[in-house]
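Enquirer: I'd like to ask some things about the structure below.
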Amino acid sequence: MSLGSVRSGDGTTIAFERSGEGPPVILVGGAFQDRGSLAPLAAELAPSLTVYCYDRRGRGGSGDTPPYAVGREVDDLRALVAEAGGTAALFGVSSGAILALEAAAGAPVTKVAAFEPPYTVDDGRPPQSAALAGEVAELIHAGRPGDAVELFLGKGVGLPPEQIAQMRGMPMWPALEAIAPTLVYDATITGDGVPPLDRLAGIAVPVLVVDSTGSAPWLRTSAKAVAETIPGATQRSLEGGFHDVPPPILGAALVEFFVG
């Protein structure tokens with residue numbers, strides 16, 4: 001494993017870890033994730049692929065440059081693709097899946113695998129508002145990261161209040177608060193939750209959309225809708241929990257897709 005960094009189009013430094021051998025793939029984390037979050041999956045992929053785990057801007061070892069724009073995160077991926085040799089595959093989780101799909105339209109990407117992009121395509125989740133990013137930002141600026149996390153988990157993810165209350169007492173909660181400022185970015189990426197059908201329909205590279213058998217129905221419905229919209233895309237449902245599939249199971253499916 002080796003550590004490195006690239007400079008994005010706006011000058012922001014993006015930190016990454018590289019491991020393995022084979023065709024390059026870049027792992028794009030979702031909300032609350034940094035490059036360490038995807039390390040177990042990277043270990044499953046490394047025997048078959050050269051894996052780039054990176055910190056999205058504002059997280060871990062990466063820098064940040066305001067104002068935020070989704071296009072700047074796409075530029076980060078372009079810089080990483082260049083570092084990987086000029087072309088690479090992408091795997092994105094949740095909001096990171098949306099980001100990977102956005103990048104597929106404007107970067108030299110060979111394939112994209114997307115895990116449960118959180119679009120809203122049915123009535124099975126709370127309506128998502130494009131105002132969520134601003135509401136989270138207000139709480140961050142007020143010095144209330146815990147409340148920002150709670151708001152995002154409720155309005156953005158759809159967790160019930162009693163489950164969030166339990167989470168606030170768990171050892172992991174301080175880590176969630178530490179990464180809370182970047183939830184503004186995830187909420188911006190997701191927007192109002194309406195899938196951009198025209199952009200999805202214009203993706204011309206092979207796409208695999210993955211969902212977990214243990215996820216909420218609205219997430220699985222979203223995965224199905226995305227796969228049906230992108231020309232030639234395939235969908236796979238893998239055994240797992242809520243918005244999560246164990247790395248050995250997910251890794252095997254990704255190797256099959258990326259390497260064949």
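A note on labels: chains of the structure tokens are A, B, ... as shown, every chain counts residues from 1, and ligands are counted from 1 in their shown order.
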Skipping near chain neighbours, those fewer than 3 positions away, what residues fall within 7 Å of range 89-97 of chain A using only C-alpha atoms, listed as a ChimeraX atom specification?
Expert: /A:24-31,100-101,109-118,186,189-190
Enquirer: Apply DSSP to the backbone of this structure and, from range 18-242 of chain A, keep only the residues in helix (DSSP H, G or I); write these as a PyMOL selection string.
Expert: chain A and resi 35-45+70-83+95-103+132-141+145-157+161-167+173-178+180-190+197-201+217-229
Enquirer: Hey, what's within 9 Å of Leu250 in chain A if we count only C-alpha atoms and toss same-chain stuff fewer than 6 positions away? As a list in words, please?
Expert: Leu41, Glu44, Val210, Leu238 and Glu239 of chain A
Enquirer: Output N, CA and C atoms for every residue in the selection just made, as a PDB file, in the first residue's frame.
Expert:
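As written to disk, again-v6.pdb reads:
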ATOM      1  N   LEU A  41     -13.182  -3.213   1.978  1.00  0.00           N
ATOM      2  CA  LEU A  41     -13.547  -3.537   0.602  1.00  0.00           C
ATOM      3  C   LEU A  41     -12.315  -3.497  -0.292  1.00  0.00           C
ATOM      4  N   GLU A  44     -10.453  -6.651  -0.317  1.00  0.00           N
ATOM      5  CA  GLU A  44     -11.067  -7.711  -1.118  1.00  0.00           C
ATOM      6  C   GLU A  44     -10.765  -7.533  -2.603  1.00  0.00           C
ATOM      7  N   VAL A 210     -26.007  -1.839  -7.661  1.00  0.00           N
ATOM      8  CA  VAL A 210     -26.095  -2.869  -6.619  1.00  0.00           C
ATOM      9  C   VAL A 210     -27.013  -2.395  -5.505  1.00  0.00           C
ATOM     10  N   LEU A 238     -27.629  -8.113  -3.559  1.00  0.00           N
ATOM     11  CA  LEU A 238     -26.698  -8.947  -2.805  1.00  0.00           C
ATOM     12  C   LEU A 238     -27.159  -9.073  -1.360  1.00  0.00           C
ATOM     13  N   GLU A 239     -26.838 -10.200  -0.744  1.00  0.00           N
ATOM     14  CA  GLU A 239     -27.222 -10.425   0.647  1.00  0.00           C
ATOM     15  C   GLU A 239     -26.492  -9.443   1.560  1.00  0.00           C
TER      16      GLU A 239
END
Enquirer: Could you state the separation of CA of Asp55 in chain A and CA of Ile98 in chain A in Å, given to one decimal place?
Expert: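 Distance between the two atoms: 16.3 Å.
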Enquirer: Quick one: DSSP strand (DSSP E or B) residues in range 78-178 of chain A, as a list in words?
Expert: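 So, restricting range 78-178 of chain A to strand (DSSP E or B), we get Ala88, Ala89, Leu90, Phe91, Gly92, Val93, Val109, Thr110, Lys111, Val112, Ala113, Ala114 and Phe115 of chain A.
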